[in-house]
$ cat target_12.tsv   # TSV, C-alpha atoms
chain	number	residue	atom	x	y	z
Z	25	MET	CA	-28.37	-41.15	-50.51
Z	26	GLN	CA	-24.64	-41.72	-50.10
Z	27	ARG	CA	-22.36	-41.82	-53.12
Z	28	ILE	CA	-19.45	-44.24	-52.81
Z	29	ASN	CA	-16.55	-43.59	-55.16
Z	30	SER	CA	-14.01	-46.25	-54.24
Z	31	ALA	CA	-13.56	-49.62	-52.61
Z	32	ALA	CA	-11.89	-47.82	-49.70
Z	33	GLU	CA	-14.99	-45.68	-49.15
Z	34	LEU	CA	-17.18	-48.79	-49.13
Z	35	ASP	CA	-14.87	-50.44	-46.61
Z	36	ALA	CA	-15.03	-47.33	-44.44
Z	37	ARG	CA	-18.82	-47.44	-44.62
Z	38	ARG	CA	-18.80	-51.12	-43.61
Z	39	LYS	CA	-16.58	-50.36	-40.60
Z	40	GLU	CA	-18.88	-47.50	-39.64
Z	41	ILE	CA	-21.89	-49.84	-39.73
Z	42	LEU	CA	-20.11	-52.50	-37.68
Z	43	SER	CA	-18.93	-49.95	-35.11
Z	44	GLY	CA	-22.56	-49.24	-34.31
Z	45	LYS	CA	-23.38	-52.90	-33.69
Z	46	ASP	CA	-22.72	-54.82	-30.49
Z	47	PRO	CA	-21.64	-58.36	-31.48
Z	48	ASP	CA	-22.70	-59.61	-28.03
Z	49	LYS	CA	-26.20	-58.12	-28.21
Z	50	PRO	CA	-28.83	-60.88	-28.17
Z	51	ALA	CA	-30.69	-61.37	-31.43
Z	52	ILE	CA	-33.56	-63.61	-32.44
Z	53	ALA	CA	-33.82	-64.56	-36.12
Z	54	VAL	CA	-37.18	-66.00	-37.12
Z	55	CYS	CA	-37.39	-67.68	-40.51
Z	56	SER	CA	-39.94	-65.98	-42.75
Z	57	GLY	CA	-39.37	-68.06	-45.86
Z	58	ALA	CA	-42.25	-69.62	-47.77
Z	59	GLY	CA	-42.18	-72.86	-45.77
Z	60	CYS	CA	-42.16	-71.21	-42.35
Z	61	ALA	CA	-44.73	-68.62	-43.43
Z	62	GLY	CA	-47.04	-71.51	-44.24
Z	63	LEU	CA	-46.46	-72.84	-40.72
Z	64	SER	CA	-47.65	-69.61	-39.04
Z	65	ASN	CA	-44.30	-67.97	-38.35
Z	66	GLY	CA	-46.15	-64.67	-38.13
Z	67	ARG	CA	-47.79	-65.80	-34.90
Z	68	VAL	CA	-44.36	-66.62	-33.47
Z	69	ILE	CA	-43.02	-63.18	-34.41
Z	70	ALA	CA	-46.06	-61.46	-32.88
Z	71	ALA	CA	-45.65	-63.48	-29.68
Z	72	LEU	CA	-41.96	-62.57	-29.48
Z	73	GLU	CA	-42.70	-58.88	-29.96
Z	74	LYS	CA	-45.27	-59.00	-27.17
Z	75	GLU	CA	-43.04	-60.97	-24.79
Z	76	LEU	CA	-39.95	-58.82	-25.36
Z	77	ASP	CA	-42.01	-55.70	-24.76
Z	78	ALA	CA	-43.52	-57.17	-21.58
Z	79	GLN	CA	-40.03	-58.02	-20.28
Z	80	GLY	CA	-38.64	-54.58	-21.12
Z	81	LEU	CA	-36.31	-56.09	-23.71
Z	82	ALA	CA	-37.62	-54.51	-26.91
Z	83	ASP	CA	-34.56	-52.25	-27.21
Z	84	LYS	CA	-32.11	-54.79	-25.79
Z	85	VAL	CA	-32.78	-57.70	-28.14
Z	86	ASP	CA	-32.77	-57.53	-31.93
Z	87	LEU	CA	-35.75	-59.35	-33.41
Z	88	ARG	CA	-35.55	-59.90	-37.14
Z	89	ALA	CA	-37.78	-61.66	-39.63
Z	90	THR	CA	-35.28	-63.23	-42.00
Z	91	GLY	CA	-35.25	-65.14	-45.24
Z	92	CYS	CA	-35.42	-68.90	-45.57
Z	93	HIS	CA	-33.13	-70.90	-43.26
Z	94	GLY	CA	-33.36	-73.98	-45.46
Z	95	LEU	CA	-34.78	-76.60	-43.10
Z	96	CYS	CA	-38.38	-75.96	-44.16
Z	97	GLU	CA	-39.85	-79.26	-42.94
Z	98	LEU	CA	-39.08	-78.38	-39.31
Z	99	GLY	CA	-40.29	-74.79	-39.36
Z	100	PRO	CA	-40.89	-72.32	-37.99
Z	101	ASN	CA	-37.15	-72.16	-37.31
Z	102	VAL	CA	-35.59	-69.71	-34.85
Z	103	VAL	CA	-31.90	-68.92	-34.25
Z	104	ILE	CA	-30.74	-67.23	-31.05
Z	105	TYR	CA	-27.55	-65.17	-31.31
Z	106	PRO	CA	-24.76	-64.77	-30.36
Z	107	GLU	CA	-24.75	-68.43	-29.24
Z	108	GLU	CA	-26.33	-69.57	-32.52
Z	109	ILE	CA	-28.78	-71.86	-30.74
Z	110	TYR	CA	-31.18	-73.37	-33.25
Z	111	TYR	CA	-34.80	-74.14	-32.40
Z	112	THR	CA	-37.22	-75.99	-34.68
Z	113	GLN	CA	-41.01	-76.25	-34.91
Z	114	VAL	CA	-41.41	-73.22	-32.65
Z	115	LYS	CA	-44.94	-72.31	-31.58
Z	116	PRO	CA	-46.25	-69.11	-29.96
Z	117	GLU	CA	-46.59	-70.95	-26.63
Z	118	ASP	CA	-42.82	-71.64	-26.70
Z	119	VAL	CA	-41.92	-67.96	-26.80
Z	120	ALA	CA	-42.02	-67.24	-23.06
Z	121	ASP	CA	-39.56	-70.07	-22.39
Z	122	ILE	CA	-37.27	-68.92	-25.20
Z	123	VAL	CA	-37.04	-65.42	-23.76
Z	124	LYS	CA	-36.80	-66.49	-20.11
Z	125	GLU	CA	-34.53	-69.51	-20.44
Z	126	THR	CA	-32.38	-68.74	-23.49
Z	127	VAL	CA	-32.27	-64.98	-23.98
Z	128	LEU	CA	-32.12	-64.09	-20.29
Z	129	GLY	CA	-30.92	-67.31	-18.65
Z	130	LYS	CA	-28.52	-68.48	-21.37
Z	131	LYS	CA	-29.97	-71.97	-21.09
Z	132	VAL	CA	-31.17	-74.30	-23.82
Z	133	VAL	CA	-34.83	-75.25	-24.10
Z	134	ASP	CA	-34.24	-78.93	-24.70
Z	135	ARG	CA	-37.59	-79.76	-26.27
Z	136	LEU	CA	-37.03	-77.28	-29.09
Z	137	VAL	CA	-33.58	-78.38	-30.31
Z	138	TYR	CA	-33.11	-80.65	-33.30
Z	139	THR	CA	-33.32	-84.39	-32.56
Z	140	ASP	CA	-31.91	-86.86	-35.06
Z	141	PRO	CA	-34.79	-89.18	-36.03
Z	142	ALA	CA	-32.49	-92.20	-36.38
Z	143	SER	CA	-30.07	-91.87	-33.46
Z	144	GLY	CA	-32.06	-89.66	-31.10
Z	145	GLU	CA	-29.02	-87.41	-30.68
Z	146	LYS	CA	-29.68	-83.71	-30.19
Z	147	ALA	CA	-27.98	-80.82	-31.97
Z	148	VAL	CA	-28.11	-77.48	-30.20
Z	149	HIS	CA	-26.31	-75.23	-32.69
Z	150	LEU	CA	-27.10	-74.64	-36.34
Z	151	ASN	CA	-23.77	-75.96	-37.65
Z	152	GLU	CA	-24.19	-79.21	-35.69
Z	153	ILE	CA	-27.40	-80.23	-37.45
Z	154	PRO	CA	-26.66	-82.88	-40.12
Z	155	PHE	CA	-28.75	-80.98	-42.69
Z	156	TYR	CA	-26.39	-77.99	-42.41
Z	157	LYS	CA	-23.01	-79.33	-41.32
Z	158	TYR	CA	-22.16	-80.89	-44.70
Z	159	GLN	CA	-23.28	-77.91	-46.77
Z	160	ASN	CA	-21.30	-75.04	-48.21
Z	161	ARG	CA	-24.11	-72.48	-48.15
Z	162	ASN	CA	-23.03	-69.84	-50.66
Z	163	LEU	CA	-26.42	-68.34	-51.52
Z	164	ILE	CA	-28.63	-68.40	-48.42
Z	165	GLY	CA	-26.03	-68.98	-45.72
Z	166	ASN	CA	-26.32	-65.39	-44.47
Z	167	ASN	CA	-30.11	-65.36	-44.40
Z	168	THR	CA	-30.24	-65.88	-40.64
Z	169	ARG	CA	-27.87	-62.95	-40.02
Z	170	ILE	CA	-29.51	-60.12	-41.94
Z	171	ASP	CA	-32.73	-58.22	-42.36
Z	172	PRO	CA	-33.36	-58.62	-46.10
Z	173	SER	CA	-34.72	-55.08	-46.31
Z	174	SER	CA	-31.55	-53.53	-44.83
Z	175	ILE	CA	-28.72	-52.52	-47.16
Z	176	ASP	CA	-26.61	-51.75	-44.06
Z	177	ASP	CA	-26.96	-55.36	-42.88
Z	178	TYR	CA	-25.74	-56.55	-46.28
Z	179	ILE	CA	-22.81	-54.14	-46.39
Z	180	GLY	CA	-21.96	-55.13	-42.82
Z	181	ILE	CA	-21.36	-58.77	-43.83
Z	182	GLY	CA	-19.16	-57.73	-46.77
Z	183	GLY	CA	-21.87	-57.08	-49.33
Z	184	TYR	CA	-21.10	-55.01	-52.44
Z	185	ALA	CA	-17.36	-55.55	-51.98
Z	186	ALA	CA	-17.25	-57.59	-55.21
Z	187	LEU	CA	-19.11	-54.82	-57.04
Z	188	ALA	CA	-16.72	-52.18	-55.70
Z	189	LYS	CA	-13.76	-54.27	-56.87
Z	190	ALA	CA	-15.29	-54.71	-60.33
Z	191	LEU	CA	-16.22	-51.05	-60.82
Z	192	PHE	CA	-13.19	-49.39	-59.30
Z	193	GLU	CA	-10.34	-51.84	-59.90
Z	194	MET	CA	-11.18	-53.91	-62.99
Z	195	LYS	CA	-11.99	-53.48	-66.64
Z	196	PRO	CA	-15.12	-55.27	-67.94
Z	197	GLU	CA	-12.91	-57.75	-69.80
Z	198	ALA	CA	-11.13	-58.65	-66.56
Z	199	VAL	CA	-14.49	-59.27	-64.88
Z	200	LEU	CA	-15.40	-61.64	-67.71
Z	201	ASP	CA	-12.10	-63.48	-67.32
Z	202	GLU	CA	-12.71	-63.81	-63.59
Z	203	VAL	CA	-16.18	-65.28	-64.09
Z	204	LYS	CA	-14.89	-67.73	-66.70
Z	205	THR	CA	-11.97	-68.79	-64.50
Z	206	ALA	CA	-14.37	-69.37	-61.59
Z	207	ASN	CA	-16.39	-71.68	-63.86
Z	208	LEU	CA	-19.59	-70.12	-62.59
Z	209	ARG	CA	-22.56	-71.85	-64.21
Z	210	GLY	CA	-26.26	-71.26	-64.63
Z	211	ARG	CA	-28.57	-72.74	-62.02
Z	212	GLY	CA	-30.86	-74.37	-64.57
Z	213	GLY	CA	-30.61	-77.92	-65.79
Z	214	GLY	CA	-28.08	-77.11	-68.52
Z	215	GLY	CA	-25.49	-75.54	-66.22
Z	216	PHE	CA	-24.20	-73.35	-69.06
Z	217	PRO	CA	-21.01	-71.38	-68.19
Z	218	ALA	CA	-22.01	-67.87	-67.12
Z	219	GLY	CA	-18.76	-66.36	-68.38
Z	220	LEU	CA	-19.48	-67.51	-71.93
Z	221	LYS	CA	-22.99	-66.08	-71.76
Z	222	TRP	CA	-21.66	-62.75	-70.58
Z	223	GLU	CA	-18.86	-62.69	-73.16
Z	224	THR	CA	-21.25	-63.48	-76.02
Z	225	THR	CA	-23.51	-60.65	-74.90
Z	226	ARG	CA	-20.61	-58.21	-74.61
Z	227	ASN	CA	-19.42	-59.07	-78.10
Z	228	ALA	CA	-22.87	-58.72	-79.65
Z	229	GLU	CA	-23.47	-55.51	-81.58
Z	230	ALA	CA	-26.33	-53.56	-80.04
Z	231	GLN	CA	-27.07	-49.98	-79.11
Z	232	GLU	CA	-28.71	-51.01	-75.84
Z	233	LYS	CA	-28.02	-54.06	-73.67
Z	234	TYR	CA	-29.97	-55.29	-70.67
Z	235	VAL	CA	-29.60	-57.73	-67.79
Z	236	ILE	CA	-32.79	-59.50	-66.75
Z	237	VAL	CA	-33.38	-61.78	-63.77
Z	238	ASN	CA	-35.07	-65.09	-64.51
Z	239	GLY	CA	-36.85	-65.96	-61.28
Z	240	HIS	CA	-39.06	-68.66	-62.72
Z	241	GLU	CA	-39.52	-71.74	-60.55
Z	242	GLY	CA	-41.16	-74.32	-62.74
Z	243	GLU	CA	-40.92	-77.32	-60.45
Z	244	PRO	CA	-43.65	-77.71	-57.79
Z	245	GLY	CA	-42.33	-76.77	-54.35
Z	246	ALA	CA	-39.06	-75.38	-55.74
Z	247	PHE	CA	-38.21	-72.30	-53.71
Z	248	MET	CA	-34.50	-71.91	-54.58
Z	249	ASP	CA	-34.90	-68.57	-56.37
Z	250	ARG	CA	-37.46	-67.25	-53.92
Z	251	ALA	CA	-35.16	-68.11	-51.02
Z	252	VAL	CA	-32.53	-65.76	-52.44
Z	253	PHE	CA	-34.87	-62.99	-53.62
Z	254	THR	CA	-36.71	-62.72	-50.31
Z	255	GLY	CA	-33.83	-63.63	-48.00
Z	256	ASN	CA	-30.89	-61.70	-49.48
Z	257	PRO	CA	-32.10	-59.50	-52.36
Z	258	HIS	CA	-28.98	-57.31	-52.35
Z	259	LEU	CA	-26.97	-60.38	-53.35
Z	260	VAL	CA	-29.03	-60.50	-56.56
Z	261	ILE	CA	-28.78	-56.75	-57.13
Z	262	GLU	CA	-25.00	-56.83	-56.70
Z	263	GLY	CA	-24.68	-59.64	-59.23
Z	264	LEU	CA	-26.96	-57.79	-61.65
Z	265	ILE	CA	-24.82	-54.67	-61.60
Z	266	ILE	CA	-21.59	-56.63	-62.00
Z	267	GLY	CA	-23.12	-58.46	-64.96
Z	268	ALA	CA	-24.34	-55.20	-66.48
Z	269	TYR	CA	-20.87	-53.68	-66.16
Z	270	ALA	CA	-19.21	-56.74	-67.70
Z	271	ILE	CA	-21.49	-57.00	-70.75
Z	272	GLY	CA	-21.62	-53.27	-71.46
Z	273	ALA	CA	-25.13	-52.51	-70.28
Z	274	ILE	CA	-23.65	-49.65	-68.22
Z	275	ARG	CA	-22.80	-47.19	-70.97
Z	276	ASP	CA	-20.50	-44.76	-69.16
Z	277	SER	CA	-17.95	-46.80	-67.25
Z	278	SER	CA	-15.26	-44.12	-67.18
Z	279	THR	CA	-16.39	-42.65	-63.85
Z	280	PRO	CA	-18.29	-45.40	-62.06
Z	281	ALA	CA	-19.80	-44.92	-58.63
Z	282	MET	CA	-22.06	-46.72	-56.22
Z	283	THR	CA	-25.00	-44.98	-54.61
Z	284	GLN	CA	-26.24	-46.32	-51.29
Z	285	SER	CA	-29.81	-45.67	-50.23
Z	286	CYS	CA	-29.96	-45.46	-46.44

$ encode --input "target_12.tsv" --output "structure tokens"
Amino acid sequence: MQRINSAAELDARRKEILSGKDPDKPAIAVCSGAGCAGLSNGRVIAALEKELDAQGLADKVDLRATGCHGLCELGPNVVIYPEEIYYTQVKPEDVADIVKETVLGKKVVDRLVYTDPASGEKAVHLNEIPFYKYQNRNLIGNNTRIDPSSIDDYIGIGGYAALAKALFEMKPEAVLDEVKTANLRGRGGGGFPAGLKWETTRNAEAQEKYVIVNGHEGEPGAFMDRAVFTGNPHLVIEGLIIGAYAIGAIRDSSTPAMTQSC
């Protein structure tokens, strides 16, 4: 356990994590969201593990099972880094070509790239695919880049910086003002302003206050909450703690600290 007592200490920890990573090291991100899991992504992951081991690449290529990539209908989806080559509908029998041609040969396996159904045009990289290029992906945009079980991966992409700022540099009232100014709203049908919810809770008289996550997905096939919980759970935890601090669910805010479990 590592206790972090300031935003500067968190930033130092982030730099330490990044210093141990090679940005040019090949990485294969296999979508493990609900849609891709239903399309046998596990067989793709197993085939990749076997092929990388057979080629002596197990320690030279990062293989990570990630959260949902978003394009569920074309799963299993695979992203090859650092080039960010995006492959769709990947099958176990495609794995040998992915490793040989793309990971080792730096070539694109043409049959696996996205093909526009209307124009027939191909898109090699993730940000070139029409489904992605017009999106501002605030919630699951980092799913392809992190192992959802790794707090270091989350800190490495800037995670918990907002929490550090709230705890170490702001009063709860200032956090509330920030949320209200941002016009952050609930993700349900009502879209109620989150800042007003938090402020009402802070002003309520109560000996104990709690923050609870509502992960209910009432609509059939709606995976928006699951995509965040399974793909980037630390994003939810960070928001929970900020909310708890703002509404007064953290009773002793005079000497706040963050504790990182490694």

$ atom_distance --input "target_12.tsv" --atom1 "atom CA of Asn167 of chain Z" --atom2 "atom CA of Arg209 of chain Z"
22.2 Å

$ residues_around --input "target_12.tsv" --residues "segment 256-260 of chain Z" --least-positions-apart "2" --cutoff "9 Å" --atoms "only C-alpha atoms" --output "PyMOL selection string"
chain Z and resi 90-91+163-164+166-167+170-175+178+183-184+237+251-254+262-265

$ residues_near_point --input "target_12.tsv" --point "(-41.3, -64.3, -35.0)" --cutoff "8 Å" --atoms "all atoms listed in the file" --output "VMD selection string"
chain Z and resid 53 to 55 65 to 73 87 to 89 102

$ closest_residue --input "target_12.tsv" --among "Z:Arg211, Z:Pro196, Z:Thr126, Z:Gly219" --to "Asp249 of chain Z" --atoms "only C-alpha atoms"
Z:Arg211

$ closest_atom_pairs --input "target_12.tsv" --of "segment 66-140 of chain Z" --to "segment 30-50 of chain Z" --cutoff "10 Å" --atoms "only C-alpha atoms" --output "Markdown table"
| residue | atom | partner | partner_atom | distance |
| --- | --- | --- | --- | --- |
| Z:Leu81 | CA | Z:Pro50 | CA | 9.9 |
| Z:Lys84 | CA | Z:Lys49 | CA | 7.2 |
| Z:Val85 | CA | Z:Pro50 | CA | 5.1 |
| Z:Asp86 | CA | Z:Pro50 | CA | 6.4 |
| Z:Leu87 | CA | Z:Pro50 | CA | 8.8 |
| Z:Ile104 | CA | Z:Pro50 | CA | 7.2 |
| Z:Tyr105 | CA | Z:Pro50 | CA | 5.5 |
| Z:Pro106 | CA | Z:Asp48 | CA | 6.0 |
| Z:Glu107 | CA | Z:Pro50 | CA | 8.6 |
| Z:Thr126 | CA | Z:Pro50 | CA | 9.8 |
| Z:Val127 | CA | Z:Pro50 | CA | 6.8 |
| Z:Leu128 | CA | Z:Pro50 | CA | 9.1 |

$ write_last_selection --input "target_12.tsv" --atoms "C-alpha atoms" --output "mmCIF file, in the frame of the given file"
data_model
loop_
_atom_site.group_PDB
_atom_site.id
_atom_site.type_symbol
_atom_site.label_atom_id
_atom_site.label_comp_id
_atom_site.auth_asym_id
_atom_site.auth_seq_id
_atom_site.Cartn_x
_atom_site.Cartn_y
_atom_site.Cartn_z
ATOM 1 C CA LEU Z 81 -36.310 -56.090 -23.710
ATOM 2 C CA LYS Z 84 -32.110 -54.790 -25.790
ATOM 3 C CA VAL Z 85 -32.780 -57.700 -28.140
ATOM 4 C CA ASP Z 86 -32.770 -57.530 -31.930
ATOM 5 C CA LEU Z 87 -35.750 -59.350 -33.410
ATOM 6 C CA ILE Z 104 -30.740 -67.230 -31.050
ATOM 7 C CA TYR Z 105 -27.550 -65.170 -31.310
ATOM 8 C CA PRO Z 106 -24.760 -64.770 -30.360
ATOM 9 C CA GLU Z 107 -24.750 -68.430 -29.240
ATOM 10 C CA THR Z 126 -32.380 -68.740 -23.490
ATOM 11 C CA VAL Z 127 -32.270 -64.980 -23.980
ATOM 12 C CA LEU Z 128 -32.120 -64.090 -20.290
#

$ atom_distance --input "target_12.tsv" --atom1 "atom CA of Lys157 of chain Z" --atom2 "atom CA of Asp140 of chain Z"
13.2 Å

$ atom_distance --input "target_12.tsv" --atom1 "atom CA of Glu75 of chain Z" --atom2 "atom CA of Asp118 of chain Z"
10.8 Å

$ closest_residue --input "target_12.tsv" --among "Z:Cys96, Z:Ala218, Z:Ala82, Z:Ala51" --to "Asp201 of chain Z" --atoms "only C-alpha atoms"
Z:Ala218

$ residues_near_point --input "target_12.tsv" --point "(-42.3, -79.8, -34.8)" --cutoff "12 Å" --atoms "only C-alpha atoms" --output "list in words"
Cys60, Leu63, Leu95, Cys96, Glu97, Leu98, Gly99, Pro100, Asn101, Tyr111, Thr112, Gln113, Val114, Lys115, Asp118, Arg135, Leu136, Val137, Tyr138 and Thr139 of chain Z

$ residues_around --input "target_12.tsv" --residues "Gly267 of chain Z" --least-positions-apart "6" --cutoff "10 Å" --atoms "all atoms listed in the file" --output "VMD selection string"
chain Z and resid 187 190 196 199 to 200 203 218 to 219 222 226 234 to 236 261 273 to 274

$ closest_residue --input "target_12.tsv" --among "Z:Ala58, Z:Ile52, Z:Ile266, Z:Ala120" --to "Lys195 of chain Z" --atoms "all atoms listed in the file"
Z:Ile266

$ closest_residue --input "target_12.tsv" --among "Z:Lys74, Z:Arg27, Z:His93, Z:His240" --to "Thr168 of chain Z" --atoms "only C-alpha atoms"
Z:His93

$ closest_residue --input "target_12.tsv" --among "Z:Ser64, Z:Glu108, Z:Gly255, Z:Asn207" --to "Glu152 of chain Z" --atoms "all atoms listed in the file"
Z:Glu108

$ closest_residue --input "target_12.tsv" --among "Z:Ala61, Z:Val133, Z:Val123, Z:Gly272" --to "Glu229 of chain Z" --atoms "all atoms listed in the file"
Z:Gly272
